[in-house]
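Asks: Below is a structure I'd like to ask you about.
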Amino acid sequence: MIVLGLTGSIATGKSTTSRLFRAAGVPVHDADASVHALYAGRAVFPIEAAFPGVVREARVDRALLKARLAE
């Protein structure tokens, strides 16, 4: 089995390439989607415990978390 990692900066075609792979029947794991799901689920309580105040409406607020990490 060949495993590829698709990386790149913003607006470099990662989403388009992923869609093309999916359309060709290639399994694709979307790490961004996984993180978004975690930020609305299992990761909420551990992240809030480590970085109090970054959870809003039962979801990790990414902007608040980013600001806390930059402190």
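Chains: A, B, ... in order of the structure tokens. Residues: from 1 per chain. Ligands: from 1, in order shown.
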Would you please give, as an MDAnalysis selection string, all residues of chain A that DSSP assigns to alpha helix (DSSP H) based on the backbone?
Replies: chainID A and resid 14:23 31:39 44:50 62:70
Asks: With only C-alpha atoms as the counted atoms, please give the residues lying no more than 7 Å from Val54 in chain A, apart from itself and same-chain residues fewer than 6 positions off, as a PyMOL selection string.
Replies: chain A and resi 48+60-61+64-65
Asks: What lies within 12 Å of Arg62 in chain A using only C-alpha atoms, ignoring chain neighbours under 6 positions off, as a PDB file with N, CA and C atoms, in the first residue's frame?
Replies:
ATOM      1  N   VAL A  35      -9.927  17.215  13.192  1.00  0.00           N
ATOM      2  CA  VAL A  35      -9.671  18.177  14.271  1.00  0.00           C
ATOM      3  C   VAL A  35     -10.924  18.974  14.589  1.00  0.00           C
ATOM      4  N   HIS A  36     -11.660  19.399  13.572  1.00  0.00           N
ATOM      5  CA  HIS A  36     -12.909  20.129  13.812  1.00  0.00           C
ATOM      6  C   HIS A  36     -13.881  19.267  14.619  1.00  0.00           C
ATOM      7  N   LEU A  38     -13.064  16.835  16.710  1.00  0.00           N
ATOM      8  CA  LEU A  38     -12.535  16.756  18.071  1.00  0.00           C
ATOM      9  C   LEU A  38     -12.819  18.032  18.853  1.00  0.00           C
ATOM     10  N   TYR A  39     -12.681  19.181  18.195  1.00  0.00           N
ATOM     11  CA  TYR A  39     -12.907  20.467  18.865  1.00  0.00           C
ATOM     12  C   TYR A  39     -14.365  20.665  19.256  1.00  0.00           C
ATOM     13  N   ALA A  40     -15.252  19.847  18.723  1.00  0.00           N
ATOM     14  CA  ALA A  40     -16.664  19.910  19.104  1.00  0.00           C
ATOM     15  C   ALA A  40     -17.061  18.676  19.915  1.00  0.00           C
ATOM     16  N   VAL A  44     -12.890  18.770  23.861  1.00  0.00           N
ATOM     17  CA  VAL A  44     -13.351  19.999  24.520  1.00  0.00           C
ATOM     18  C   VAL A  44     -12.881  20.070  25.967  1.00  0.00           C
ATOM     19  N   ILE A  47      -8.932  20.235  26.500  1.00  0.00           N
ATOM     20  CA  ILE A  47      -8.384  21.522  26.059  1.00  0.00           C
ATOM     21  C   ILE A  47      -8.812  22.628  27.007  1.00  0.00           C
ATOM     22  N   GLU A  48     -10.060  22.610  27.451  1.00  0.00           N
ATOM     23  CA  GLU A  48     -10.524  23.621  28.409  1.00  0.00           C
ATOM     24  C   GLU A  48      -9.755  23.510  29.725  1.00  0.00           C
ATOM     25  N   PHE A  51      -6.310  24.994  28.861  1.00  0.00           N
ATOM     26  CA  PHE A  51      -6.367  26.393  28.423  1.00  0.00           C
ATOM     27  C   PHE A  51      -7.731  26.980  28.785  1.00  0.00           C
ATOM     28  N   GLY A  53     -11.005  28.962  29.342  1.00  0.00           N
ATOM     29  CA  GLY A  53     -11.597  30.100  28.644  1.00  0.00           C
ATOM     30  C   GLY A  53     -11.618  30.006  27.137  1.00  0.00           C
ATOM     31  N   VAL A  54     -11.116  28.904  26.570  1.00  0.00           N
ATOM     32  CA  VAL A  54     -11.077  28.806  25.105  1.00  0.00           C
ATOM     33  C   VAL A  54     -12.277  28.068  24.519  1.00  0.00           C
ATOM     34  N   VAL A  55     -13.200  27.642  25.370  1.00  0.00           N
ATOM     35  CA  VAL A  55     -14.392  26.938  24.893  1.00  0.00           C
ATOM     36  C   VAL A  55     -15.579  27.887  24.911  1.00  0.00           C
ATOM     37  N   ARG A  56     -16.282  27.953  23.796  1.00  0.00           N
ATOM     38  CA  ARG A  56     -17.494  28.765  23.657  1.00  0.00           C
ATOM     39  C   ARG A  56     -18.575  27.884  23.049  1.00  0.00           C
ATOM     40  N   ARG A  68      -4.162  31.984  22.917  1.00  0.00           N
ATOM     41  CA  ARG A  68      -3.564  31.447  24.146  1.00  0.00           C
ATOM     42  C   ARG A  68      -2.236  30.764  23.853  1.00  0.00           C
ATOM     43  N   LEU A  69      -2.159  30.033  22.765  1.00  0.00           N
ATOM     44  CA  LEU A  69      -0.917  29.347  22.415  1.00  0.00           C
ATOM     45  C   LEU A  69       0.190  30.327  22.057  1.00  0.00           C
TER      46      LEU A  69
END
Asks: Name all residues at most 12 Å from His29 in chain A (count only C-alpha atoms; drop same-chain ones fewer than 4 positions away) and give them as number ranges by chain.
Replies: A: 3-6, 15, 18-19, 21-22, 33-35
Asks: Let me see the file: selected residues, C-alpha atoms, as a compact mmCIF listing (two decimals), in the first residue's frame.
Replies:
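The result, stored in again.txt:
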# COMPACT_ATOMS: atom_id res chain seq x y z
CA VAL A 3 0.50 6.23 1.68
CA LEU A 4 0.79 9.84 0.55
CA GLY A 5 0.69 13.01 2.61
CA LEU A 6 -0.81 16.02 0.89
CA SER A 15 -8.89 20.34 -1.31
CA SER A 18 -8.32 15.48 -2.34
CA ARG A 19 -11.62 15.63 -4.23
CA PHE A 21 -8.42 11.38 -5.32
CA ARG A 22 -11.82 10.60 -3.76
CA ALA A 33 -12.22 17.59 9.45
CA SER A 34 -10.97 15.27 12.21
CA VAL A 35 -9.67 18.18 14.27
Asks: Which residue, A:Lys14, A:Ala49, A:Glu57, A:Ala63, has the smallest gap to Val28 in chain A when you use only C-alpha atoms?
Replies: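 Looking at the shortest contact to Val28 in chain A, the residue is A:Lys14.
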Asks: Could you pull out all residues of chain A with a DSSP call of strand (DSSP E) and give them as a list in words?
Replies: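 Going through chain A, the strand (DSSP E) residues come out as Val55, Arg56, Arg59 and Val60 of chain A.
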Asks: Go through A:Ala11, A:Pro46, A:Met1, A:Gly41 and flag the residue nearest Val26 in chain A, using only C-alpha atoms for the distances.
Replies: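 Of A:Ala11, A:Pro46, A:Met1, A:Gly41, the one nearest Val26 in chain A is A:Met1, counting only C-alpha atoms.
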Asks: Kindly give the distance, in Å, that separates CA of Ala31 in chain A and CA of Gly8 in chain A, rounded to a single decimal.
Replies: 13.1 Å
